[in-house]
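Q: Sharing run_17.pdb below, PDB, C-alpha atoms, pLDDT in the B column:
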```pdb
MODEL        1
ATOM      1  CA  ALA A1402       0.526 -10.793  13.793  1.00 78.00           C
ATOM      2  CA  GLN A1403       0.757  -7.248  12.602  1.00 89.00           C
ATOM      3  CA  LYS A1404      -2.123  -4.805  12.627  1.00 95.00           C
ATOM      4  CA  VAL A1405      -2.658  -1.143  11.762  1.00 97.00           C
ATOM      5  CA  THR A1406      -5.612   0.862  13.010  1.00 97.00           C
ATOM      6  CA  GLN A1407      -6.706   4.201  11.633  1.00 97.00           C
ATOM      7  CA  ALA A1408      -9.656   5.050  13.840  1.00 94.00           C
ATOM      8  CA  GLN A1409     -10.658   8.170  11.923  1.00 97.00           C
ATOM      9  CA  THR A1410     -12.660   7.089   8.898  1.00 96.00           C
ATOM     10  CA  GLU A1411     -13.355  10.583   7.594  1.00 97.00           C
ATOM     11  CA  ILE A1412     -12.140  14.057   8.501  1.00 97.00           C
ATOM     12  CA  SER A1413     -13.381  17.314   7.056  1.00 97.00           C
ATOM     13  CA  VAL A1414     -11.603  20.631   7.597  1.00 97.00           C
ATOM     14  CA  VAL A1415     -11.628  24.081   6.114  1.00 97.00           C
ATOM     15  CA  GLU A1416      -8.617  25.250   4.171  1.00 97.00           C
ATOM     16  CA  LYS A1417      -5.722  26.549   6.298  1.00 97.00           C
ATOM     17  CA  GLU A1418      -6.735  24.487   9.308  1.00 97.00           C
ATOM     18  CA  ASP A1419      -4.223  22.043  10.778  1.00 97.00           C
ATOM     19  CA  VAL A1420      -5.248  18.389  10.818  1.00 97.00           C
ATOM     20  CA  THR A1421      -3.768  15.282  12.434  1.00 97.00           C
ATOM     21  CA  LEU A1422      -4.342  11.763  11.144  1.00 98.00           C
ATOM     22  CA  ASP A1423      -3.923   9.039  13.736  1.00 97.00           C
ATOM     23  CA  CYS A1424      -2.252   5.660  13.251  1.00 98.00           C
ATOM     24  CA  VAL A1425      -1.836   2.948  15.874  1.00 98.00           C
ATOM     25  CA  TYR A1426       0.019  -0.275  15.119  1.00 97.00           C
ATOM     26  CA  GLU A1427       0.615  -3.688  16.637  1.00 96.00           C
ATOM     27  CA  THR A1428       3.639  -5.885  16.056  1.00 93.00           C
ATOM     28  CA  ARG A1429       5.721  -8.425  17.952  1.00 91.00           C
ATOM     29  CA  ASP A1430       8.878  -7.594  16.034  1.00 89.00           C
ATOM     30  CA  THR A1431      11.479  -5.253  17.463  1.00 90.00           C
ATOM     31  CA  THR A1432      12.533  -4.212  13.964  1.00 91.00           C
ATOM     32  CA  TYR A1433       9.788  -2.837  11.793  1.00 92.00           C
ATOM     33  CA  TYR A1434       9.012  -0.024   9.395  1.00 92.00           C
ATOM     34  CA  LEU A1435       6.149   2.408   9.202  1.00 94.00           C
ATOM     35  CA  PHE A1436       4.870   4.213   6.144  1.00 94.00           C
ATOM     36  CA  TRP A1437       2.333   6.804   5.125  1.00 96.00           C
ATOM     37  CA  TYR A1438       0.808   6.843   1.657  1.00 96.00           C
ATOM     38  CA  LYS A1439      -1.599   9.247  -0.022  1.00 97.00           C
ATOM     39  CA  GLN A1440      -4.235   7.961  -2.436  1.00 96.00           C
ATOM     40  CA  PRO A1441      -5.899  10.627  -4.595  1.00 92.00           C
ATOM     41  CA  PRO A1442      -9.080   9.804  -6.539  1.00 87.00           C
ATOM     42  CA  SER A1443      -6.976   8.473  -9.427  1.00 85.00           C
ATOM     43  CA  GLY A1444      -6.152   5.479  -7.230  1.00 86.00           C
ATOM     44  CA  GLU A1445      -2.356   5.433  -7.263  1.00 89.00           C
ATOM     45  CA  LEU A1446      -0.743   5.212  -3.832  1.00 93.00           C
ATOM     46  CA  VAL A1447       1.846   7.944  -3.406  1.00 94.00           C
ATOM     47  CA  PHE A1448       4.651   7.319  -0.916  1.00 92.00           C
ATOM     48  CA  LEU A1449       5.048  10.056   1.712  1.00 94.00           C
ATOM     49  CA  ILE A1450       7.399   8.781   4.417  1.00 91.00           C
ATOM     50  CA  ARG A1451       9.193   5.728   5.796  1.00 90.00           C
ATOM     51  CA  ARG A1452      10.305   5.349   9.412  1.00 91.00           C
ATOM     52  CA  ASN A1453      12.173   2.454  11.047  1.00 89.00           C
ATOM     53  CA  SER A1454      11.544   1.325  14.599  1.00 91.00           C
ATOM     54  CA  PHE A1455      14.907   2.548  15.865  1.00 89.00           C
ATOM     55  CA  ASP A1456      14.416   6.120  14.780  1.00 85.00           C
ATOM     56  CA  GLU A1457      11.920   8.003  16.907  1.00 82.00           C
ATOM     57  CA  GLN A1458      12.914  11.405  15.650  1.00 81.00           C
ATOM     58  CA  ASN A1459       9.985  13.409  14.438  1.00 82.00           C
ATOM     59  CA  GLU A1460      10.191  14.558  10.857  1.00 84.00           C
ATOM     60  CA  ILE A1461       9.005  17.663   9.104  1.00 85.00           C
ATOM     61  CA  SER A1462       8.731  18.090   5.365  1.00 87.00           C
ATOM     62  CA  GLY A1463       7.174  21.355   4.342  1.00 92.00           C
ATOM     63  CA  ARG A1464       3.601  21.391   5.650  1.00 93.00           C
ATOM     64  CA  TYR A1465       3.807  17.715   6.633  1.00 94.00           C
ATOM     65  CA  SER A1466       5.096  16.387   9.928  1.00 93.00           C
ATOM     66  CA  TRP A1467       5.146  12.980  11.559  1.00 93.00           C
ATOM     67  CA  ASN A1468       5.170  12.052  15.239  1.00 93.00           C
ATOM     68  CA  PHE A1469       6.449   8.533  15.993  1.00 94.00           C
ATOM     69  CA  GLN A1470       5.991   7.321  19.589  1.00 93.00           C
ATOM     70  CA  LYS A1471       6.982   3.706  20.344  1.00 92.00           C
ATOM     71  CA  SER A1472       5.609   3.992  23.890  1.00 92.00           C
ATOM     72  CA  THR A1473       2.086   4.338  22.521  1.00 95.00           C
ATOM     73  CA  SER A1474       2.672   2.438  19.239  1.00 95.00           C
ATOM     74  CA  SER A1475       1.567   5.450  17.269  1.00 96.00           C
ATOM     75  CA  PHE A1476       2.752   7.143  14.105  1.00 96.00           C
ATOM     76  CA  ASN A1477       0.615  10.231  13.587  1.00 96.00           C
ATOM     77  CA  PHE A1478       0.638  12.527  10.585  1.00 95.00           C
ATOM     78  CA  THR A1479      -0.059  16.261  10.749  1.00 96.00           C
ATOM     79  CA  ILE A1480      -0.780  18.576   7.850  1.00 96.00           C
ATOM     80  CA  THR A1481      -0.291  22.225   8.710  1.00 96.00           C
ATOM     81  CA  ALA A1482      -2.291  24.910   6.906  1.00 97.00           C
ATOM     82  CA  SER A1483      -4.226  22.362   4.876  1.00 97.00           C
ATOM     83  CA  GLN A1484      -5.018  22.978   1.220  1.00 97.00           C
ATOM     84  CA  VAL A1485      -7.741  21.673  -1.070  1.00 96.00           C
ATOM     85  CA  VAL A1486      -5.115  19.604  -2.917  1.00 95.00           C
ATOM     86  CA  ASP A1487      -4.519  17.655   0.301  1.00 96.00           C
ATOM     87  CA  SER A1488      -7.935  16.031  -0.107  1.00 96.00           C
ATOM     88  CA  ALA A1489      -7.327  12.309  -0.495  1.00 97.00           C
ATOM     89  CA  VAL A1490      -7.361   9.021   1.371  1.00 98.00           C
ATOM     90  CA  TYR A1491      -4.319   8.583   3.588  1.00 98.00           C
ATOM     91  CA  PHE A1492      -3.016   5.157   4.564  1.00 98.00           C
ATOM     92  CA  CYS A1493      -0.651   4.129   7.315  1.00 97.00           C
ATOM     93  CA  ALA A1494       1.230   0.849   6.761  1.00 95.00           C
ATOM     94  CA  LEU A1495       3.530  -1.457   8.715  1.00 94.00           C
ATOM     95  CA  SER A1496       6.219  -3.815   7.447  1.00 91.00           C
ATOM     96  CA  GLU A1497       8.088  -6.218   9.705  1.00 87.00           C
ATOM     97  CA  ALA A1498      11.718  -7.036   9.071  1.00 82.00           C
ATOM     98  CA  ASP A1499      10.913 -10.748   9.235  1.00 75.00           C
ATOM     99  CA  ASN A1500       8.246 -10.418   6.556  1.00 71.00           C
ATOM    100  CA  ALA A1501      10.183  -8.620   3.895  1.00 67.00           C
ATOM    101  CA  GLY A1502       8.023  -6.801   1.434  1.00 72.00           C
ATOM    102  CA  LYS A1503       4.672  -7.589   3.016  1.00 85.00           C
ATOM    103  CA  SER A1504       2.999  -4.426   4.205  1.00 90.00           C
ATOM    104  CA  THR A1505      -0.098  -4.334   6.363  1.00 94.00           C
ATOM    105  CA  PHE A1506      -2.278  -1.303   5.756  1.00 96.00           C
ATOM    106  CA  GLY A1507      -4.887   0.424   7.832  1.00 97.00           C
ATOM    107  CA  ASP A1508      -8.281   1.094   6.301  1.00 96.00           C
ATOM    108  CA  GLY A1509      -7.375   4.690   5.592  1.00 97.00           C
ATOM    109  CA  THR A1510      -8.635   8.124   6.562  1.00 98.00           C
ATOM    110  CA  THR A1511     -10.513  10.155   3.988  1.00 97.00           C
ATOM    111  CA  LEU A1512      -9.512  13.788   4.322  1.00 97.00           C
ATOM    112  CA  THR A1513     -11.658  16.470   2.741  1.00 97.00           C
ATOM    113  CA  VAL A1514     -10.351  20.024   2.741  1.00 97.00           C
ATOM    114  CA  LYS A1515     -13.020  22.569   1.879  1.00 97.00           C
ATOM    115  CA  PRO A1516     -12.169  25.966   0.412  1.00 95.00           C
TER     116      PRO A1516
ATOM    117  CA  ASP B1356      12.474   7.304 -15.268  1.00 66.00           C
ATOM    118  CA  ALA B1357       9.226   5.382 -15.652  1.00 77.00           C
ATOM    119  CA  GLY B1358       7.385   4.427 -12.528  1.00 92.00           C
ATOM    120  CA  VAL B1359       5.390   1.264 -11.988  1.00 95.00           C
ATOM    121  CA  THR B1360       2.996   0.612 -14.844  1.00 96.00           C
ATOM    122  CA  GLN B1361      -0.018  -1.671 -14.917  1.00 97.00           C
ATOM    123  CA  SER B1362      -2.365  -2.902 -17.608  1.00 96.00           C
ATOM    124  CA  PRO B1363      -5.181  -2.842 -18.293  1.00 97.00           C
ATOM    125  CA  THR B1364      -6.556   0.118 -16.356  1.00 96.00           C
ATOM    126  CA  HIS B1365     -10.077  -1.260 -16.242  1.00 96.00           C
ATOM    127  CA  LEU B1366     -11.565  -4.680 -16.814  1.00 96.00           C
ATOM    128  CA  ILE B1367     -15.056  -6.166 -16.710  1.00 98.00           C
ATOM    129  CA  LYS B1368     -15.500  -9.928 -16.392  1.00 97.00           C
ATOM    130  CA  THR B1369     -18.293 -12.317 -15.489  1.00 97.00           C
ATOM    131  CA  ARG B1370     -18.350 -14.880 -12.731  1.00 97.00           C
ATOM    132  CA  GLY B1371     -16.350 -17.999 -13.455  1.00 97.00           C
ATOM    133  CA  GLN B1372     -14.056 -16.356 -15.968  1.00 98.00           C
ATOM    134  CA  GLN B1373     -10.324 -15.982 -15.640  1.00 98.00           C
ATOM    135  CA  VAL B1374      -8.311 -12.761 -15.724  1.00 98.00           C
ATOM    136  CA  THR B1375      -4.656 -11.793 -16.136  1.00 98.00           C
ATOM    137  CA  LEU B1376      -3.293  -8.482 -14.918  1.00 98.00           C
ATOM    138  CA  ARG B1377       0.147  -7.188 -15.819  1.00 98.00           C
ATOM    139  CA  CYS B1378       2.755  -5.062 -14.071  1.00 98.00           C
ATOM    140  CA  SER B1379       6.107  -3.569 -15.010  1.00 97.00           C
ATOM    141  CA  PRO B1380       8.210  -2.490 -12.040  1.00 96.00           C
ATOM    142  CA  LYS B1381      10.037   0.775 -11.611  1.00 94.00           C
ATOM    143  CA  SER B1382      13.414   0.851 -13.309  1.00 93.00           C
ATOM    144  CA  GLY B1383      16.055  -0.771 -11.112  1.00 90.00           C
ATOM    145  CA  HIS B1384      13.537  -2.704  -9.017  1.00 92.00           C
ATOM    146  CA  ASP B1385      13.531  -6.489  -8.958  1.00 92.00           C
ATOM    147  CA  THR B1386      10.827  -7.259  -6.397  1.00 93.00           C
ATOM    148  CA  VAL B1387       7.132  -7.100  -7.175  1.00 95.00           C
ATOM    149  CA  SER B1388       4.191  -7.380  -4.789  1.00 95.00           C
ATOM    150  CA  TRP B1389       0.478  -7.511  -5.545  1.00 97.00           C
ATOM    151  CA  TYR B1390      -2.302  -6.089  -3.402  1.00 97.00           C
ATOM    152  CA  GLN B1391      -6.090  -6.194  -3.568  1.00 98.00           C
ATOM    153  CA  GLN B1392      -7.983  -3.115  -2.447  1.00 97.00           C
ATOM    154  CA  ALA B1393     -11.713  -3.498  -1.958  1.00 96.00           C
ATOM    155  CA  LEU B1394     -13.859  -0.370  -1.913  1.00 93.00           C
ATOM    156  CA  GLY B1395     -13.431   1.584   1.305  1.00 91.00           C
ATOM    157  CA  GLN B1396     -10.621  -0.608   2.607  1.00 94.00           C
ATOM    158  CA  GLY B1397      -6.869  -0.605   2.703  1.00 96.00           C
ATOM    159  CA  PRO B1398      -4.788  -2.728   0.331  1.00 96.00           C
ATOM    160  CA  GLN B1399      -4.479  -6.404   1.272  1.00 97.00           C
ATOM    161  CA  PHE B1400      -1.249  -8.245   0.442  1.00 95.00           C
ATOM    162  CA  ILE B1401      -1.697 -11.072  -2.064  1.00 97.00           C
ATOM    163  CA  PHE B1402       1.861 -12.236  -2.784  1.00 95.00           C
ATOM    164  CA  GLN B1403       5.369 -11.155  -3.638  1.00 94.00           C
ATOM    165  CA  TYR B1404       7.774 -12.228  -6.367  1.00 94.00           C
ATOM    166  CA  TYR B1405      11.541 -12.105  -6.421  1.00 92.00           C
ATOM    167  CA  GLU B1406      13.916 -13.935  -8.765  1.00 92.00           C
ATOM    168  CA  GLU B1407      10.887 -15.387 -10.550  1.00 94.00           C
ATOM    169  CA  GLU B1408       9.668 -17.143  -7.421  1.00 94.00           C
ATOM    170  CA  GLU B1409       6.779 -16.483  -5.068  1.00 93.00           C
ATOM    171  CA  ARG B1410       8.454 -15.487  -1.791  1.00 91.00           C
ATOM    172  CA  GLN B1411       5.555 -14.583   0.435  1.00 89.00           C
ATOM    173  CA  ARG B1412       1.840 -15.050   0.253  1.00 93.00           C
ATOM    174  CA  GLY B1413      -1.052 -13.436   2.047  1.00 92.00           C
ATOM    175  CA  ASN B1414      -4.353 -15.025   2.972  1.00 94.00           C
ATOM    176  CA  PHE B1415      -5.669 -15.570  -0.538  1.00 97.00           C
ATOM    177  CA  PRO B1416      -6.915 -18.810  -2.116  1.00 97.00           C
ATOM    178  CA  ASP B1417      -5.071 -20.750  -4.780  1.00 96.00           C
ATOM    179  CA  ARG B1418      -7.320 -19.178  -7.411  1.00 97.00           C
ATOM    180  CA  PHE B1419      -4.866 -16.309  -7.189  1.00 98.00           C
ATOM    181  CA  SER B1420      -1.570 -17.124  -8.853  1.00 97.00           C
ATOM    182  CA  GLY B1421       1.246 -15.170 -10.359  1.00 97.00           C
ATOM    183  CA  HIS B1422       4.384 -15.169 -12.346  1.00 97.00           C
ATOM    184  CA  GLN B1423       7.513 -13.082 -12.652  1.00 97.00           C
ATOM    185  CA  PHE B1424       9.517 -12.874 -15.842  1.00 97.00           C
ATOM    186  CA  PRO B1425      13.291 -12.494 -16.286  1.00 96.00           C
ATOM    187  CA  ASN B1426      12.825  -8.766 -16.969  1.00 95.00           C
ATOM    188  CA  TYR B1427      11.157  -8.507 -13.508  1.00 95.00           C
ATOM    189  CA  SER B1428       7.686  -7.781 -14.882  1.00 97.00           C
ATOM    190  CA  SER B1429       4.881  -9.747 -13.321  1.00 98.00           C
ATOM    191  CA  GLU B1430       1.416 -11.131 -13.930  1.00 98.00           C
ATOM    192  CA  LEU B1431      -1.432 -11.787 -11.553  1.00 98.00           C
ATOM    193  CA  ASN B1432      -3.905 -14.473 -12.585  1.00 98.00           C
ATOM    194  CA  VAL B1433      -7.269 -15.035 -10.976  1.00 98.00           C
ATOM    195  CA  ASN B1434      -9.305 -18.105 -11.906  1.00 97.00           C
ATOM    196  CA  ALA B1435     -12.985 -18.857 -11.387  1.00 97.00           C
ATOM    197  CA  LEU B1436     -13.815 -15.229 -10.659  1.00 98.00           C
ATOM    198  CA  LEU B1437     -16.273 -14.426  -7.894  1.00 97.00           C
ATOM    199  CA  LEU B1438     -18.288 -11.269  -7.394  1.00 97.00           C
ATOM    200  CA  GLY B1439     -16.148 -10.574  -4.333  1.00 97.00           C
ATOM    201  CA  ASP B1440     -13.036 -10.366  -6.499  1.00 98.00           C
ATOM    202  CA  SER B1441     -14.198  -6.968  -7.722  1.00 98.00           C
ATOM    203  CA  ALA B1442     -11.553  -4.548  -6.497  1.00 97.00           C
ATOM    204  CA  LEU B1443      -8.627  -2.345  -7.383  1.00 97.00           C
ATOM    205  CA  TYR B1444      -5.530  -4.491  -7.910  1.00 98.00           C
ATOM    206  CA  LEU B1445      -2.308  -2.710  -7.121  1.00 97.00           C
ATOM    207  CA  CYS B1446       1.187  -3.705  -8.080  1.00 96.00           C
ATOM    208  CA  ALA B1447       4.136  -2.431  -6.066  1.00 95.00           C
ATOM    209  CA  SER B1448       7.838  -2.717  -6.715  1.00 94.00           C
ATOM    210  CA  SER B1449      10.876  -2.285  -4.507  1.00 91.00           C
ATOM    211  CA  PRO B1450      14.626  -2.316  -5.164  1.00 88.00           C
ATOM    212  CA  THR B1451      15.347  -5.384  -3.074  1.00 80.00           C
ATOM    213  CA  LEU B1452      13.697  -8.124  -1.086  1.00 73.00           C
ATOM    214  CA  ALA B1453      14.991  -6.669   2.169  1.00 72.00           C
ATOM    215  CA  GLY B1454      12.497  -5.922   4.872  1.00 70.00           C
ATOM    216  CA  GLY B1455      11.335  -2.363   5.137  1.00 76.00           C
ATOM    217  CA  GLU B1456      12.119  -1.339   1.605  1.00 81.00           C
ATOM    218  CA  THR B1457       9.793   1.349   0.351  1.00 87.00           C
ATOM    219  CA  GLN B1458       7.281  -0.004  -2.127  1.00 90.00           C
ATOM    220  CA  TYR B1459       6.273   2.139  -5.069  1.00 92.00           C
ATOM    221  CA  PHE B1460       2.803   1.557  -6.397  1.00 94.00           C
ATOM    222  CA  GLY B1461       1.320   1.590  -9.856  1.00 94.00           C
ATOM    223  CA  PRO B1462      -2.022   3.176 -10.768  1.00 94.00           C
ATOM    224  CA  GLY B1463      -3.842  -0.130 -10.396  1.00 95.00           C
ATOM    225  CA  THR B1464      -6.284  -2.174 -12.425  1.00 97.00           C
ATOM    226  CA  ARG B1465      -9.957  -1.820 -11.571  1.00 97.00           C
ATOM    227  CA  LEU B1466     -11.646  -5.194 -11.951  1.00 98.00           C
ATOM    228  CA  LEU B1467     -15.411  -5.504 -11.970  1.00 98.00           C
ATOM    229  CA  VAL B1468     -16.925  -8.988 -11.838  1.00 97.00           C
ATOM    230  CA  LEU B1469     -20.569  -9.226 -12.891  1.00 97.00           C
TER     231      LEU B1469
ENDMDL
END
```
Please render this file's structure as structure tokens.

A:
Amino acid sequence: AQKVTQAQTEISVVEKEDVTLDCVYETRDTTYYLFWYKQPPSGELVFLIRRNSFDEQNEISGRYSWNFQKSTSSFNFTITASQVVDSAVYFCALSEADNAGKSTFGDGTTLTVKP
Amino acid sequence: DAGVTQSPTHLIKTRGQQVTLRCSPKSGHDTVSWYQQALGQGPQFIFQYYEEEERQRGNFPDRFSGHQFPNYSSELNVNALLLGDSALYLCASSPTLAGGETQYFGPGTRLLVL
């Protein structure tokens, strides 16, 4: 069975602070995929990144970076120099190769960035 | 290039009624999945459609059913509505059935059951 845990329910920071959102996953598959999505108040899930289990390279995209560590089953997301527009709910999700198209989501972390 | 669209945006029903939600996938996508997102929780997988057939199903009762049309659009039907069915229903599409494909989500339909 697959499981995703986002232990941080809510995080509040002041603008320009760095913030890291934690994601821990469980899976028995050796081939799997990890995702991060952003959900603003409008409700639509916005895709941020996809990572497969064979690629442990960290990725940076502008102010966003992701740290994938198979040894600890973690896929953490860092926002550098946070901005008010980063305020949203962020979800980590897992998809196993043997369960094509079925993603298991964590319960999300609500990030509030105050000016 | 239109993204995933869903209709209606909001819906209010009473217990015992039936509801149909609609989804049009992103252009070029042939696989559609449906998720239920209760307040304060992550999306829960309901089922997935590909080539007009249900391919995978999550832990949802038979009251939840669906359909996919030849143009890849999809419907989610819920019968005998319960108060607990109140949620945001999200449709997601992907370009293939292959595992690990990125799913692109629509804006959702907010269903309130009174």

Q: Can you list what the PyMOL selection byres ((chain A) within 9 of (chain B)) grabs from this structure, as a PyMOL selection string?

A: chain A and resi 1433-1436+1443-1448+1450-1453+1492+1495-1509

Q: Starting from the displayed file, determine the output of the PyMOL selection byres ((chain A and resi 1456) around 10) and express the residue list as a ChimeraX atom specification.

A: /A:1434,1452-1455,1457-1459,1469-1471

Q: For a test of reading the model, state the distance in Å between CA of Ile1412 (chain A) and CA of Gln1391 (chain B), rounded to one decimal.

A: 24.3 Å

Q: One number please: CA of Cys1378 (chain B) to CA of Gln1403 (chain A), in Å, one decimal.

A: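 These two atoms are separated by 26.8 Å.
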
Q: When the PyMOL selection byres ((chain A and resi 1419-1424) around 10) is applied to the file above, which residues end up in the set, as a PyMOL selection string?

A: chain A and resi 1405-1418+1425-1426+1435+1437+1464-1469+1474-1484+1491-1494+1507+1509-1512+1514

Q: Export, as a PDB file, in the coordinates of the input, the selected residues with C-alpha atoms.

A:
```pdb
ATOM      1  CA  VAL A1405      -2.658  -1.143  11.762  1.00 97.00           C
ATOM      2  CA  THR A1406      -5.612   0.862  13.010  1.00 97.00           C
ATOM      3  CA  GLN A1407      -6.706   4.201  11.633  1.00 97.00           C
ATOM      4  CA  ALA A1408      -9.656   5.050  13.840  1.00 94.00           C
ATOM      5  CA  GLN A1409     -10.658   8.170  11.923  1.00 97.00           C
ATOM      6  CA  THR A1410     -12.660   7.089   8.898  1.00 96.00           C
ATOM      7  CA  GLU A1411     -13.355  10.583   7.594  1.00 97.00           C
ATOM      8  CA  ILE A1412     -12.140  14.057   8.501  1.00 97.00           C
ATOM      9  CA  SER A1413     -13.381  17.314   7.056  1.00 97.00           C
ATOM     10  CA  VAL A1414     -11.603  20.631   7.597  1.00 97.00           C
ATOM     11  CA  VAL A1415     -11.628  24.081   6.114  1.00 97.00           C
ATOM     12  CA  GLU A1416      -8.617  25.250   4.171  1.00 97.00           C
ATOM     13  CA  LYS A1417      -5.722  26.549   6.298  1.00 97.00           C
ATOM     14  CA  GLU A1418      -6.735  24.487   9.308  1.00 97.00           C
ATOM     15  CA  VAL A1425      -1.836   2.948  15.874  1.00 98.00           C
ATOM     16  CA  TYR A1426       0.019  -0.275  15.119  1.00 97.00           C
ATOM     17  CA  LEU A1435       6.149   2.408   9.202  1.00 94.00           C
ATOM     18  CA  TRP A1437       2.333   6.804   5.125  1.00 96.00           C
ATOM     19  CA  ARG A1464       3.601  21.391   5.650  1.00 93.00           C
ATOM     20  CA  TYR A1465       3.807  17.715   6.633  1.00 94.00           C
ATOM     21  CA  SER A1466       5.096  16.387   9.928  1.00 93.00           C
ATOM     22  CA  TRP A1467       5.146  12.980  11.559  1.00 93.00           C
ATOM     23  CA  ASN A1468       5.170  12.052  15.239  1.00 93.00           C
ATOM     24  CA  PHE A1469       6.449   8.533  15.993  1.00 94.00           C
ATOM     25  CA  SER A1474       2.672   2.438  19.239  1.00 95.00           C
ATOM     26  CA  SER A1475       1.567   5.450  17.269  1.00 96.00           C
ATOM     27  CA  PHE A1476       2.752   7.143  14.105  1.00 96.00           C
ATOM     28  CA  ASN A1477       0.615  10.231  13.587  1.00 96.00           C
ATOM     29  CA  PHE A1478       0.638  12.527  10.585  1.00 95.00           C
ATOM     30  CA  THR A1479      -0.059  16.261  10.749  1.00 96.00           C
ATOM     31  CA  ILE A1480      -0.780  18.576   7.850  1.00 96.00           C
ATOM     32  CA  THR A1481      -0.291  22.225   8.710  1.00 96.00           C
ATOM     33  CA  ALA A1482      -2.291  24.910   6.906  1.00 97.00           C
ATOM     34  CA  SER A1483      -4.226  22.362   4.876  1.00 97.00           C
ATOM     35  CA  GLN A1484      -5.018  22.978   1.220  1.00 97.00           C
ATOM     36  CA  TYR A1491      -4.319   8.583   3.588  1.00 98.00           C
ATOM     37  CA  PHE A1492      -3.016   5.157   4.564  1.00 98.00           C
ATOM     38  CA  CYS A1493      -0.651   4.129   7.315  1.00 97.00           C
ATOM     39  CA  ALA A1494       1.230   0.849   6.761  1.00 95.00           C
ATOM     40  CA  GLY A1507      -4.887   0.424   7.832  1.00 97.00           C
ATOM     41  CA  GLY A1509      -7.375   4.690   5.592  1.00 97.00           C
ATOM     42  CA  THR A1510      -8.635   8.124   6.562  1.00 98.00           C
ATOM     43  CA  THR A1511     -10.513  10.155   3.988  1.00 97.00           C
ATOM     44  CA  LEU A1512      -9.512  13.788   4.322  1.00 97.00           C
ATOM     45  CA  VAL A1514     -10.351  20.024   2.741  1.00 97.00           C
TER      46      VAL A1514
END
```

Q: By how many Å are CA of Ser1472 (chain A) and CA of Lys1439 (chain A) apart?

A: 25.5 Å

Q: With all atoms of region 1427-1438 of chain A from the file as input, state the centre and edge lengths in Å to one decimal of the axis-aligned box that has 4 Å extra on each side, as JSON.

A:
```
{"center_x": 6.6, "center_y": -0.8, "center_z": 9.8, "size_x": 19.9, "size_y": 23.3, "size_z": 24.3}
```
